[in-house]
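Here is protein19.cif, consisting of mmCIF, C-alpha atoms (C1' of nucleotides):
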data_input
loop_
_atom_site.label_atom_id
_atom_site.label_comp_id
_atom_site.auth_asym_id
_atom_site.auth_seq_id
_atom_site.Cartn_x
_atom_site.Cartn_y
_atom_site.Cartn_z
CA MET Z 1 4.55 24.39 -30.56
CA ALA Z 2 4.95 27.84 -29.11
CA ARG Z 3 7.05 28.23 -26.00
CA PRO Z 4 9.15 25.09 -25.36
CA ARG Z 5 9.27 23.13 -22.07
CA GLU Z 6 11.89 24.35 -19.66
CA PHE Z 7 12.10 21.04 -17.78
CA ASP Z 8 13.21 17.60 -18.90
CA GLU Z 9 10.07 15.49 -19.04
CA GLU Z 10 11.96 12.22 -18.59
CA LYS Z 11 13.92 13.47 -15.60
CA ALA Z 12 10.77 14.78 -13.98
CA LEU Z 13 9.02 11.46 -14.56
CA ASP Z 14 11.99 9.66 -13.13
CA ALA Z 15 11.81 11.76 -9.97
CA ALA Z 16 8.09 11.07 -9.68
CA MET Z 17 8.77 7.36 -10.07
CA GLN Z 18 11.19 7.44 -7.17
CA VAL Z 19 8.75 9.22 -4.86
CA PHE Z 20 5.85 6.92 -5.72
CA TRP Z 21 8.11 3.90 -5.44
CA GLU Z 22 9.24 4.98 -2.00
CA LYS Z 23 5.95 6.15 -0.52
CA GLY Z 24 3.17 4.59 -2.57
CA PHE Z 25 0.30 6.37 -4.27
CA GLU Z 26 -1.84 7.51 -1.34
CA ALA Z 27 1.01 8.61 0.90
CA THR Z 28 2.56 10.76 -1.83
CA SER Z 29 1.24 14.32 -1.97
CA LEU Z 30 1.36 16.80 -4.80
CA SER Z 31 3.75 18.83 -2.68
CA ASP Z 32 6.09 15.83 -2.41
CA LEU Z 33 5.94 15.52 -6.18
CA THR Z 34 6.53 19.16 -7.08
CA SER Z 35 9.47 19.46 -4.72
CA ARG Z 36 11.18 16.29 -5.96
CA MET Z 37 10.34 16.83 -9.64
CA GLY Z 38 11.47 20.45 -9.47
CA ILE Z 39 8.41 21.74 -11.32
CA GLN Z 40 5.12 23.39 -10.38
CA ARG Z 41 1.69 21.84 -10.11
CA PRO Z 42 0.28 23.14 -13.39
CA SER Z 43 3.24 21.61 -15.23
CA ILE Z 44 2.38 18.22 -13.76
CA TYR Z 45 -1.27 18.51 -14.71
CA SER Z 46 -0.62 19.78 -18.24
CA THR Z 47 1.99 17.10 -18.92
CA PHE Z 48 0.67 14.02 -17.15
CA GLY Z 49 -3.04 14.64 -16.56
CA ASP Z 50 -3.73 14.13 -12.89
CA LYS Z 51 -1.98 12.43 -9.97
CA LYS Z 52 -3.08 8.98 -11.06
CA GLY Z 53 -2.01 9.64 -14.64
CA LEU Z 54 1.44 10.60 -13.42
CA PHE Z 55 1.53 7.47 -11.29
CA GLU Z 56 0.62 5.35 -14.27
CA ALA Z 57 3.32 6.95 -16.42
CA ALA Z 58 5.85 6.37 -13.65
CA LEU Z 59 4.82 2.74 -13.26
CA ARG Z 60 5.04 2.13 -17.02
CA LYS Z 61 8.52 3.60 -17.03
CA TYR Z 62 9.46 1.32 -14.17
CA THR Z 63 8.05 -1.89 -15.64
CA SER Z 64 9.68 -1.38 -19.03
CA SER Z 65 13.08 -0.65 -17.56
CA HIS Z 66 12.73 -3.46 -15.01
CA ALA Z 67 11.81 -5.93 -17.73
CA ALA Z 68 14.84 -4.88 -19.75
CA TYR Z 69 17.04 -5.30 -16.68
CA VAL Z 70 15.76 -8.80 -15.96
CA ARG Z 71 15.98 -9.86 -19.60
CA ASN Z 72 19.55 -8.67 -19.78
CA LYS Z 73 20.57 -10.34 -16.53
CA LEU Z 74 19.20 -13.72 -17.60
CA HIS Z 75 20.18 -13.70 -21.26
CA ASN Z 76 23.78 -12.64 -20.71
CA ASN Z 77 24.78 -15.75 -18.83
CA PRO Z 78 25.64 -18.94 -20.72
CA SER Z 79 24.54 -21.13 -17.82
CA VAL Z 80 20.84 -21.03 -17.05
CA LYS Z 81 21.22 -22.34 -13.52
CA GLU Z 82 23.96 -19.84 -12.85
CA ALA Z 83 21.90 -17.04 -14.38
CA PHE Z 84 18.97 -17.63 -12.04
CA ARG Z 85 21.22 -18.14 -9.05
CA ALA Z 86 23.03 -14.86 -9.70
CA PHE Z 87 19.74 -13.09 -10.37
CA PHE Z 88 18.16 -14.11 -7.07
CA GLU Z 89 21.28 -13.66 -5.00
CA ASN Z 90 21.94 -10.24 -6.47
CA MET Z 91 18.43 -9.16 -5.64
CA VAL Z 92 18.86 -10.20 -2.03
CA ALA Z 93 22.26 -8.54 -1.76
CA GLU Z 94 20.84 -5.25 -3.05
CA GLU Z 95 17.96 -5.36 -0.61
CA TYR Z 96 20.24 -6.02 2.35
CA GLY Z 97 22.80 -3.43 1.25
CA GLN Z 98 23.40 0.00 2.71
CA ASN Z 99 21.23 2.08 0.39
CA PRO Z 100 17.56 2.10 1.24
CA ASN Z 101 15.52 -0.18 -1.02
CA TRP Z 102 11.83 0.06 -1.64
CA GLY Z 103 11.28 -3.39 -3.04
CA CYS Z 104 9.64 -3.59 -6.44
CA PHE Z 105 7.51 -0.65 -7.53
CA CYS Z 106 5.24 -2.95 -9.53
CA ILE Z 107 4.62 -5.27 -6.59
CA ASN Z 108 3.97 -2.31 -4.31
CA SER Z 109 1.41 -1.03 -6.81
CA MET Z 110 -0.15 -4.45 -7.24
CA VAL Z 111 -0.79 -4.63 -3.51
CA GLU Z 112 -1.96 -1.04 -3.06
CA LEU Z 113 -3.99 -0.40 -6.20
CA SER Z 114 -4.86 -3.54 -8.19
CA PRO Z 115 -7.82 -4.62 -6.06
CA HIS Z 116 -9.43 -1.17 -6.41
CA ASP Z 117 -8.48 -0.11 -9.92
CA GLU Z 118 -8.77 -2.39 -12.93
CA LYS Z 119 -6.26 -0.36 -14.92
CA PHE Z 120 -3.55 -1.23 -12.44
CA GLU Z 121 -4.75 -4.80 -12.08
CA ILE Z 122 -4.10 -5.23 -15.80
CA LEU Z 123 -0.87 -3.25 -15.87
CA THR Z 124 0.72 -5.13 -12.99
CA ARG Z 125 -0.55 -8.49 -14.21
CA GLU Z 126 0.95 -7.90 -17.64
CA HIS Z 127 4.33 -7.19 -16.11
CA GLN Z 128 4.29 -10.43 -14.14
CA MET Z 129 3.24 -12.31 -17.27
CA TYR Z 130 6.08 -10.72 -19.17
CA LEU Z 131 8.57 -11.70 -16.48
CA SER Z 132 7.30 -15.27 -16.63
CA VAL Z 133 7.86 -15.27 -20.40
CA ILE Z 134 11.45 -14.09 -19.92
CA PHE Z 135 11.94 -16.81 -17.31
CA GLN Z 136 10.41 -19.42 -19.59
CA GLU Z 137 12.63 -18.42 -22.53
CA THR Z 138 15.64 -18.83 -20.29
CA ILE Z 139 14.51 -22.24 -19.06
CA ASP Z 140 13.81 -23.31 -22.64
CA ARG Z 141 17.33 -22.37 -23.54
CA GLY Z 142 18.61 -24.63 -20.77
CA LEU Z 143 16.40 -27.44 -22.03
CA ARG Z 144 17.69 -27.08 -25.59
CA SER Z 145 21.33 -27.00 -24.48
CA GLY Z 146 20.82 -30.07 -22.33
CA GLU Z 147 21.78 -28.19 -19.16
CA LEU Z 148 18.38 -28.87 -17.60
CA ASP Z 149 16.43 -32.06 -16.98
CA PRO Z 150 14.17 -32.60 -20.01
CA ALA Z 151 11.36 -33.64 -17.64
CA ILE Z 152 11.05 -30.00 -16.55
CA ASN Z 153 7.87 -28.18 -17.51
CA ALA Z 154 9.29 -24.82 -18.57
CA LYS Z 155 6.09 -22.84 -18.24
CA SER Z 156 5.10 -24.13 -14.81
CA LEU Z 157 8.61 -23.66 -13.49
CA ALA Z 158 8.82 -20.13 -14.88
CA GLN Z 159 5.54 -19.23 -13.18
CA THR Z 160 6.81 -20.74 -9.94
CA LEU Z 161 9.97 -18.69 -10.11
CA VAL Z 162 7.96 -15.50 -10.64
CA ILE Z 163 5.89 -16.30 -7.58
CA SER Z 164 9.05 -17.01 -5.59
CA LEU Z 165 10.52 -13.73 -6.74
CA ILE Z 166 7.43 -11.91 -5.52
CA GLY Z 167 7.44 -13.73 -2.20
CA LEU Z 168 11.11 -13.00 -1.63
CA THR Z 169 10.73 -9.33 -2.53
CA VAL Z 170 7.76 -8.88 -0.24
CA ILE Z 171 9.12 -10.69 2.80
CA MET Z 172 12.31 -8.65 2.66
CA LYS Z 173 10.17 -5.60 3.48
CA SER Z 174 9.99 -6.99 7.00
CA ARG Z 175 13.77 -7.51 7.03
CA PRO Z 176 13.93 -11.16 8.19
CA GLU Z 177 17.26 -12.77 9.01
CA ARG Z 178 19.20 -13.17 5.84
CA SER Z 179 19.39 -16.95 6.26
CA PHE Z 180 15.62 -17.04 5.79
CA VAL Z 181 15.80 -15.85 2.20
CA ASP Z 182 19.13 -17.54 1.50
CA ASN Z 183 17.74 -20.93 2.53
CA SER Z 184 14.63 -20.40 0.44
CA ILE Z 185 16.58 -19.46 -2.65
CA LYS Z 186 18.68 -22.61 -2.35
CA GLU Z 187 15.51 -24.64 -1.96
CA ILE Z 188 13.75 -22.99 -4.89
CA LEU Z 189 16.74 -23.42 -7.18
CA THR Z 190 16.62 -27.19 -6.64
CA LEU Z 191 13.60 -27.08 -8.95
CA LEU Z 192 16.08 -26.10 -11.71
CA ARG Z 193 17.53 -29.59 -11.69
CA MET A 1 -15.54 2.68 36.09
CA ALA A 2 -18.34 5.16 35.89
CA ARG A 3 -20.55 5.08 32.81
CA PRO A 4 -20.08 1.83 30.85
CA ARG A 5 -19.31 1.57 27.14
CA GLU A 6 -22.36 1.46 24.92
CA PHE A 7 -20.53 -0.22 22.03
CA ASP A 8 -18.88 -3.64 21.75
CA GLU A 9 -15.17 -2.99 21.60
CA GLU A 10 -14.41 -6.27 19.81
CA LYS A 11 -17.09 -5.73 17.19
CA ALA A 12 -15.87 -2.20 16.57
CA LEU A 13 -12.29 -3.44 16.22
CA ASP A 14 -13.46 -6.14 13.86
CA ALA A 15 -15.17 -3.55 11.67
CA ALA A 16 -12.02 -1.42 11.68
CA MET A 17 -9.98 -4.46 10.68
CA GLN A 18 -12.20 -5.04 7.68
CA VAL A 19 -11.91 -1.44 6.47
CA PHE A 20 -8.14 -1.31 6.90
CA TRP A 21 -7.82 -4.74 5.28
CA GLU A 22 -9.83 -3.61 2.30
CA LYS A 23 -8.40 -0.12 1.77
CA GLY A 24 -5.05 -0.01 3.55
CA PHE A 25 -3.91 2.51 6.12
CA GLU A 26 -3.52 5.70 4.09
CA ALA A 27 -6.64 5.29 1.98
CA THR A 28 -8.84 4.76 5.04
CA SER A 29 -10.19 7.95 6.56
CA LEU A 30 -11.55 8.55 10.02
CA SER A 31 -14.95 9.03 8.40
CA ASP A 32 -14.70 5.57 6.81
CA LEU A 33 -13.89 4.17 10.22
CA THR A 34 -16.62 5.89 12.22
CA SER A 35 -19.30 4.93 9.72
CA ARG A 36 -18.27 1.25 9.57
CA MET A 37 -17.51 0.94 13.28
CA GLY A 38 -20.77 2.65 14.20
CA ILE A 39 -19.14 4.91 16.77
CA GLN A 40 -17.96 8.51 16.91
CA ARG A 41 -14.45 9.86 16.62
CA PRO A 42 -13.84 10.55 20.31
CA SER A 43 -14.76 6.93 21.08
CA ILE A 44 -12.07 5.75 18.70
CA TYR A 45 -9.46 8.05 20.18
CA SER A 46 -10.31 7.25 23.80
CA THR A 47 -10.35 3.50 23.15
CA PHE A 48 -7.55 2.94 20.64
CA GLY A 49 -5.34 6.02 20.84
CA ASP A 50 -4.99 7.39 17.34
CA LYS A 51 -5.53 6.10 13.80
CA LYS A 52 -2.27 4.18 13.80
CA GLY A 53 -3.01 2.68 17.21
CA LEU A 54 -6.33 1.44 15.92
CA PHE A 55 -4.60 0.02 12.86
CA GLU A 56 -2.10 -1.79 15.04
CA ALA A 57 -4.86 -3.27 17.21
CA ALA A 58 -6.70 -4.40 14.08
CA LEU A 59 -3.57 -5.98 12.63
CA ARG A 60 -2.81 -7.82 15.88
CA LYS A 61 -6.33 -9.18 15.93
CA TYR A 62 -5.88 -10.34 12.35
CA THR A 63 -2.51 -12.02 12.82
CA SER A 64 -3.56 -13.93 15.91
CA SER A 65 -6.73 -15.24 14.32
CA HIS A 66 -4.95 -15.97 11.05
CA ALA A 67 -2.23 -17.91 12.85
CA ALA A 68 -4.88 -19.96 14.67
CA TYR A 69 -6.62 -20.66 11.37
CA VAL A 70 -3.42 -21.86 9.68
CA ARG A 71 -2.36 -23.95 12.66
CA ASN A 72 -5.74 -25.62 12.74
CA LYS A 73 -5.82 -26.30 9.01
CA LEU A 74 -2.41 -27.97 9.03
CA HIS A 75 -2.64 -29.87 12.31
CA ASN A 76 -6.04 -31.41 11.66
CA ASN A 77 -4.95 -33.48 8.70
CA PRO A 78 -3.18 -36.80 9.24
CA SER A 79 -1.30 -36.52 5.95
CA VAL A 80 1.23 -33.69 5.78
CA LYS A 81 1.33 -33.61 2.00
CA GLU A 82 -2.44 -33.56 1.86
CA ALA A 83 -2.59 -30.87 4.53
CA PHE A 84 -0.39 -28.47 2.56
CA ARG A 85 -2.11 -29.30 -0.71
CA ALA A 86 -5.54 -28.58 0.78
CA PHE A 87 -4.24 -25.44 2.45
CA PHE A 88 -2.85 -23.90 -0.74
CA GLU A 89 -5.72 -24.99 -2.94
CA ASN A 90 -8.29 -23.71 -0.49
CA MET A 91 -6.56 -20.34 -0.40
CA VAL A 92 -6.68 -20.07 -4.18
CA ALA A 93 -10.31 -21.17 -4.32
CA GLU A 94 -11.30 -18.50 -1.81
CA GLU A 95 -9.48 -15.80 -3.71
CA TYR A 96 -11.10 -16.76 -7.01
CA GLY A 97 -14.54 -17.14 -5.45
CA GLN A 98 -17.50 -14.79 -5.71
CA ASN A 99 -16.98 -12.75 -2.56
CA PRO A 100 -14.43 -9.99 -2.84
CA ASN A 101 -11.11 -10.88 -1.24
CA TRP A 102 -8.48 -8.47 -0.05
CA GLY A 103 -5.58 -10.86 0.14
CA CYS A 104 -3.78 -11.05 3.46
CA PHE A 105 -4.04 -8.05 5.78
CA CYS A 106 -0.58 -8.75 7.16
CA ILE A 107 1.03 -8.85 3.72
CA ASN A 108 -0.78 -5.67 2.70
CA SER A 109 0.56 -3.98 5.82
CA MET A 110 4.05 -5.35 5.26
CA VAL A 111 4.13 -3.74 1.84
CA GLU A 112 2.53 -0.44 2.80
CA LEU A 113 4.01 0.26 6.22
CA SER A 114 7.00 -1.92 7.11
CA PRO A 115 9.58 0.09 5.16
CA HIS A 116 8.51 3.32 6.91
CA ASP A 117 7.60 2.18 10.39
CA GLU A 118 9.74 -0.16 12.46
CA LYS A 119 6.82 -1.18 14.65
CA PHE A 120 5.09 -2.73 11.68
CA GLU A 121 8.31 -4.14 10.28
CA ILE A 122 8.63 -6.14 13.51
CA LEU A 123 4.96 -7.02 13.80
CA THR A 124 4.66 -8.34 10.26
CA ARG A 125 8.01 -10.14 10.42
CA GLU A 126 6.99 -11.92 13.60
CA HIS A 127 3.83 -13.18 11.96
CA GLN A 128 5.78 -14.62 9.02
CA MET A 129 8.22 -16.23 11.44
CA TYR A 130 5.34 -17.74 13.35
CA LEU A 131 3.82 -19.14 10.16
CA SER A 132 7.17 -20.67 9.25
CA VAL A 133 7.28 -22.35 12.67
CA ILE A 134 3.82 -23.81 12.13
CA PHE A 135 4.91 -25.04 8.72
CA GLN A 136 8.09 -26.52 10.15
CA GLU A 137 6.21 -28.34 12.91
CA THR A 138 3.98 -29.87 10.28
CA ILE A 139 6.92 -30.94 8.11
CA ASP A 140 8.66 -32.41 11.17
CA ARG A 141 5.57 -34.46 11.83
CA GLY A 142 5.78 -35.86 8.31
CA LEU A 143 9.44 -36.65 8.82
CA ARG A 144 8.77 -38.49 12.08
CA SER A 145 5.91 -40.50 10.56
CA GLY A 146 8.02 -41.44 7.57
CA GLU A 147 5.63 -39.77 5.15
CA LEU A 148 8.35 -37.39 3.95
CA ASP A 149 11.82 -37.97 2.52
CA PRO A 150 14.25 -37.85 5.48
CA ALA A 151 16.66 -35.83 3.31
CA ILE A 152 14.30 -32.86 3.60
CA ASN A 153 15.52 -29.84 5.56
CA ALA A 154 12.38 -28.97 7.49
CA LYS A 155 13.35 -25.40 8.33
CA SER A 156 14.45 -24.42 4.82
CA LEU A 157 11.41 -26.00 3.28
CA ALA A 158 9.07 -24.31 5.74
CA GLN A 159 10.62 -20.95 4.93
CA THR A 160 10.28 -21.65 1.24
CA LEU A 161 6.61 -22.49 1.64
CA VAL A 162 6.01 -19.22 3.52
CA ILE A 163 7.64 -17.31 0.68
CA SER A 164 5.54 -19.21 -1.84
CA LEU A 165 2.41 -18.44 0.14
CA ILE A 166 3.27 -14.74 0.07
CA GLY A 167 4.03 -14.82 -3.63
CA LEU A 168 0.77 -16.59 -4.42
CA THR A 169 -1.27 -14.23 -2.28
CA VAL A 170 0.28 -11.16 -3.85
CA ILE A 171 0.08 -12.22 -7.49
CA MET A 172 -3.60 -13.07 -7.09
CA LYS A 173 -4.19 -9.34 -6.52
CA SER A 174 -3.62 -8.92 -10.24
CA ARG A 175 -6.02 -11.79 -10.98
CA PRO A 176 -3.88 -13.90 -13.32
CA GLU A 177 -5.33 -16.91 -15.10
CA ARG A 178 -6.03 -19.57 -12.55
CA SER A 179 -3.70 -22.03 -14.25
CA PHE A 180 -0.81 -19.74 -13.33
CA VAL A 181 -1.25 -20.31 -9.61
CA ASP A 182 -2.44 -23.89 -10.00
CA ASN A 183 0.69 -24.82 -11.93
CA SER A 184 2.89 -23.11 -9.39
CA ILE A 185 1.28 -24.86 -6.46
CA LYS A 186 1.82 -28.23 -8.11
CA GLU A 187 5.44 -27.33 -8.73
CA ILE A 188 6.02 -26.06 -5.19
CA LEU A 189 4.45 -29.14 -3.64
CA THR A 190 6.98 -31.34 -5.41
CA LEU A 191 9.43 -30.03 -2.80
CA LEU A 192 7.35 -31.99 -0.26
CA ARG A 193 8.63 -35.26 -1.67
"C1'" DG L 1 6.02 43.73 -35.47
"C1'" DT L 2 1.68 41.56 -34.26
"C1'" DA L 3 -1.35 37.72 -33.24
"C1'" DA L 4 -1.63 33.21 -31.60
"C1'" DT L 5 -0.06 29.72 -28.77
"C1'" DT L 6 2.07 27.36 -25.14
"C1'" DA L 7 4.58 27.34 -20.54
"C1'" DC L 8 5.41 29.15 -16.13
"C1'" DG L 9 4.72 30.89 -11.25
"C1'" DT L 10 1.60 32.53 -7.88
"C1'" DA L 11 -2.08 32.16 -5.44
"C1'" DC L 12 -6.18 30.37 -4.75
"C1'" DT L 13 -10.43 26.89 -4.46
"C1'" DG L 14 -13.65 23.83 -1.84
"C1'" DA L 15 -13.17 19.56 0.30
"C1'" DT L 16 -11.31 16.59 3.37
"C1'" DC L 17 -7.78 15.26 6.46
"C1'" DG L 18 -6.59 13.62 11.54
"C1'" DG L 19 -7.53 15.10 15.90
"C1'" DT L 20 -9.90 17.65 19.86
"C1'" DA L 21 -12.63 21.03 22.89
"C1'" DT L 22 -16.82 21.16 25.06
"C1'" DG L 23 -21.10 20.35 26.96
"C1'" DT L 24 -24.26 16.81 28.42
"C1'" DA L 25 -25.81 12.05 29.74
"C1'" DA L 26 -25.13 8.05 32.50
"C1'" DT L 27 -23.20 5.47 36.15
"C1'" DT L 28 -20.55 4.56 40.57
"C1'" DT L 29 -19.09 5.80 45.10
"C1'" DA L 30 -19.96 7.72 49.42
"C1'" DT H 1 -28.54 12.95 47.04
"C1'" DA H 2 -24.13 14.95 45.86
"C1'" DA H 3 -19.53 14.47 43.96
"C1'" DA H 4 -16.65 12.20 40.91
"C1'" DT H 5 -15.89 9.83 36.85
"C1'" DT H 6 -16.43 8.08 32.38
"C1'" DA H 7 -18.91 8.02 27.76
"C1'" DC H 8 -21.37 10.21 24.41
"C1'" DA H 9 -22.56 13.48 20.36
"C1'" DT H 10 -21.84 17.78 18.22
"C1'" DA H 11 -19.25 20.86 16.37
"C1'" DC H 12 -15.19 22.57 15.61
"C1'" DC H 13 -9.75 23.13 14.81
"C1'" DG H 14 -5.66 24.23 11.77
"C1'" DA H 15 -3.43 21.78 8.21
"C1'" DT H 16 -3.27 19.68 4.12
"C1'" DC H 17 -5.35 17.58 0.26
"C1'" DA H 18 -5.90 17.39 -5.17
"C1'" DG H 19 -6.78 20.42 -8.59
"C1'" DT H 20 -7.26 25.11 -11.12
"C1'" DA H 21 -7.85 30.26 -12.44
"C1'" DC H 22 -5.20 33.70 -13.95
"C1'" DG H 23 -1.71 36.83 -15.21
"C1'" DT H 24 2.78 37.00 -17.31
"C1'" DA H 25 6.78 35.27 -20.08
"C1'" DA H 26 8.55 33.12 -24.10
"C1'" DT H 27 8.28 31.35 -28.58
"C1'" DT H 28 6.34 30.55 -33.40
"C1'" DA H 29 3.78 31.81 -37.50
"C1'" DC H 30 2.71 35.21 -40.60
#

Translate the structure of the given file into structure tokens.
Amino acid sequence: MARPREFDEEKALDAAMQVFWEKGFEATSLSDLTSRMGIQRPSIYSTFGDKKGLFEAALRKYTSSHAAYVRNKLHNNPSVKEAFRAFFENMVAEEYGQNPNWGCFCINSMVELSPHDEKFEILTREHQMYLSVIFQETIDRGLRSGELDPAINAKSLAQTLVISLIGLTVIMKSRPERSFVDNSIKEILTLLR
Amino acid sequence: MARPREFDEEKALDAAMQVFWEKGFEATSLSDLTSRMGIQRPSIYSTFGDKKGLFEAALRKYTSSHAAYVRNKLHNNPSVKEAFRAFFENMVAEEYGQNPNWGCFCINSMVELSPHDEKFEILTREHQMYLSVIFQETIDRGLRSGELDPAINAKSLAQTLVISLIGLTVIMKSRPERSFVDNSIKEILTLLR
DNA sequence: GTAATTACGTACTGATCGGTATGTAATTTA
DNA sequence: TAAATTACATACCGATCAGTACGTAATTAC
């Protein structure tokens, strides 16, 4: 190691994540990135490879922090039904709040890149699988405690909730009336009987 | 009208729809379009305005034909439960088939463009609302015939099924194990009790 | 203090982007 | 047949794209 980095690699990556999250891969230019990351092009290329490498690093940062967020939200609530209810309702409230929201970076990437790039097909799939495992663990906890109907198939229900989460996140991009998503969440949560 | 068009406007639009469907708006270049549409740039600009105008025309063509397809699928089955089951299972089978599938053009556009362009926010929202109306009509039919539990809220359930459809379509972009979507469809269809 | 190494900023590359000017061909109207 | 109008193909526009060459600054190793 000769001359040390002058910029904070994590902060720069975080800035890149925000730009990609907001605009997607294709619509984000290197100029967008340098201005928001506060560094020059050669620093990006020497640190992250190329544009796609930077995107991948940003997406990995997102998925790991998102997984931690979801795990925390669901595990820190004694009631499983209440945990899922709060999780879904909180997600909707954030999306309909003042601050602009860009949905889920992983879902955005799944739609834009997965069909054309196997690396992102795998990366985004693995995140969804991980979410379904977190969901299933939570449902299992409710089965063990007796809170949930023992006839429930934890795995199938977890997978269904992941798919509902995706559907809700995506449809909110078109900003439907709030009752649309509120009704659906109520309906979906009846599966957690 | 002086000199008549030498190309078939509908066929050209159909070709444009396929390219945009496959690659999205940003990743599709004018060169991609001219080569697949079989016409020159000035013909595109004189007929459809600009790139975004052509995209909008292509998306409108897609949504109207997709709505007709869904309506037909659901209305031409005497059993409502069977109609939805066949609809969802057929969608999955197509996506996992040999031919490449690009998901739903409207969902792709909702993810890529709706947050940055109000015109597409409205256009994609209206299509989802229309699908939910078709779904609701079908559920109402099942309620009238006595096939479905009269305790069902047709509107909420229709909205839920639209969200499930979106979630299924999107997650299949990452090509999960087929059991993932099969399980979820079974679970979702239990709401049609 | 000198050589080696790494980082930085500037300025550039060829390619491609979306969009258009222009000249010519074809058709209608009169 | 002449004028007007529309469509076509070519060839171009300035801007921007992702990516890099290169010279200089800073740090470490010896």

Task: Pick from A:Phe20, A:Phe84, A:Phe7, A:Tyr96 nearest to Thr138 of chain A, counting all atoms listed in the file - done: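 Residue with the minimum atom-to-atom distance to Thr138 of chain A: A:Phe84.
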
Evaluated on this file, the PyMOL selection byres ((chain Z and resi 37-47) around 10) picks out some residues - which ones are they, written as a PDB file with C-alpha atoms (C1' of nucleotides), keeping the file's coordinate frame?
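Saved result, out.pdb, follows:
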ATOM      1  CA  ARG Z   5       9.270  23.130 -22.070  1.00  0.00           C
ATOM      2  CA  GLU Z   6      11.890  24.350 -19.660  1.00  0.00           C
ATOM      3  CA  PHE Z   7      12.100  21.040 -17.780  1.00  0.00           C
ATOM      4  CA  ASP Z   8      13.210  17.600 -18.900  1.00  0.00           C
ATOM      5  CA  GLU Z   9      10.070  15.490 -19.040  1.00  0.00           C
ATOM      6  CA  LYS Z  11      13.920  13.470 -15.600  1.00  0.00           C
ATOM      7  CA  ALA Z  12      10.770  14.780 -13.980  1.00  0.00           C
ATOM      8  CA  LEU Z  13       9.020  11.460 -14.560  1.00  0.00           C
ATOM      9  CA  ASP Z  14      11.990   9.660 -13.130  1.00  0.00           C
ATOM     10  CA  ALA Z  15      11.810  11.760  -9.970  1.00  0.00           C
ATOM     11  CA  ALA Z  16       8.090  11.070  -9.680  1.00  0.00           C
ATOM     12  CA  MET Z  17       8.770   7.360 -10.070  1.00  0.00           C
ATOM     13  CA  GLN Z  18      11.190   7.440  -7.170  1.00  0.00           C
ATOM     14  CA  VAL Z  19       8.750   9.220  -4.860  1.00  0.00           C
ATOM     15  CA  LEU Z  30       1.360  16.800  -4.800  1.00  0.00           C
ATOM     16  CA  SER Z  31       3.750  18.830  -2.680  1.00  0.00           C
ATOM     17  CA  ASP Z  32       6.090  15.830  -2.410  1.00  0.00           C
ATOM     18  CA  LEU Z  33       5.940  15.520  -6.180  1.00  0.00           C
ATOM     19  CA  THR Z  34       6.530  19.160  -7.080  1.00  0.00           C
ATOM     20  CA  SER Z  35       9.470  19.460  -4.720  1.00  0.00           C
ATOM     21  CA  ARG Z  36      11.180  16.290  -5.960  1.00  0.00           C
ATOM     22  CA  PHE Z  48       0.670  14.020 -17.150  1.00  0.00           C
ATOM     23  CA  GLY Z  49      -3.040  14.640 -16.560  1.00  0.00           C
ATOM     24  CA  ASP Z  50      -3.730  14.130 -12.890  1.00  0.00           C
ATOM     25  CA  LYS Z  51      -1.980  12.430  -9.970  1.00  0.00           C
ATOM     26  CA  GLY Z  53      -2.010   9.640 -14.640  1.00  0.00           C
ATOM     27  CA  LEU Z  54       1.440  10.600 -13.420  1.00  0.00           C
TER      28      LEU Z  54
ATOM     29  C1'  DA L   7       4.580  27.340 -20.540  1.00  0.00           C
ATOM     30  C1'  DC L   8       5.410  29.150 -16.130  1.00  0.00           C
ATOM     31  C1'  DG L   9       4.720  30.890 -11.250  1.00  0.00           C
TER      32       DG L   9
ATOM     33  C1'  DG H  19      -6.780  20.420  -8.590  1.00  0.00           C
ATOM     34  C1'  DT H  20      -7.260  25.110 -11.120  1.00  0.00           C
TER      35       DT H  20
END

- [ ] Check what the PyMOL selection byres ((chain A and resi 137) around 10) selects in the file above and give those residues as number ranges by chain.
- [x] A: 71, 74-75, 131-136, 138-143, 154-155, 158

- [ ] With a distance cut-off of 9 Å and all atoms listed in the file, select the neighbouring residues of segment 174-190 of chain Z, excluding the residue or stretch itself and same-chain residues fewer than 5 positions from it, and output the selection as a ChimeraX atom specification.
- [x] /Z:81,84-85,88-89,92,95-96,160-161,164,168 /A:110-111,114-115,118,120-126,128-129,155-161,163,188,191

Suppose a student applies the PyMOL selection byres ((chain H) within 9 of (chain Z)) to this structure; what residues should they get, written as a CSV table (one decimal) with C-alpha atoms (C1' of nucleotides), in the coordinates of the input?
chain,number,residue,atom,x,y,z
H,17,DC,C1',-5.4,17.6,0.3
H,18,DA,C1',-5.9,17.4,-5.2
H,19,DG,C1',-6.8,20.4,-8.6
H,20,DT,C1',-7.3,25.1,-11.1
H,26,DA,C1',8.6,33.1,-24.1
H,27,DT,C1',8.3,31.4,-28.6
H,28,DT,C1',6.3,30.6,-33.4

Open item on the list: Residues proximal to (-7.7, 19.3, 9.0) were defined as those with any atom within 10 Å of that point in the file's coordinates, counting all atoms listed in the file. Which are they, as a list in words?
Closed with: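 Nearby residues: DT16, DC17, DG18 and DG19 of chain L; DC13, DG14, DA15, DT16 and DC17 of chain H.
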
TODO: Compile the contact shell of DT29 of chain L as an MDAnalysis selection string: residues with an atom at most 10 Å away, counting all atoms listed in the file, same-chain residues fewer than 5 positions apart removed.
DONE: (chainID A and resid 2) or (chainID H and resid 3:5)

- [ ] May I ask for the distance between atom CA of Glu112 of chain A and atom CA of Lys73 of chain A, given in Å to one decimal place?
- [x] 27.9 Å
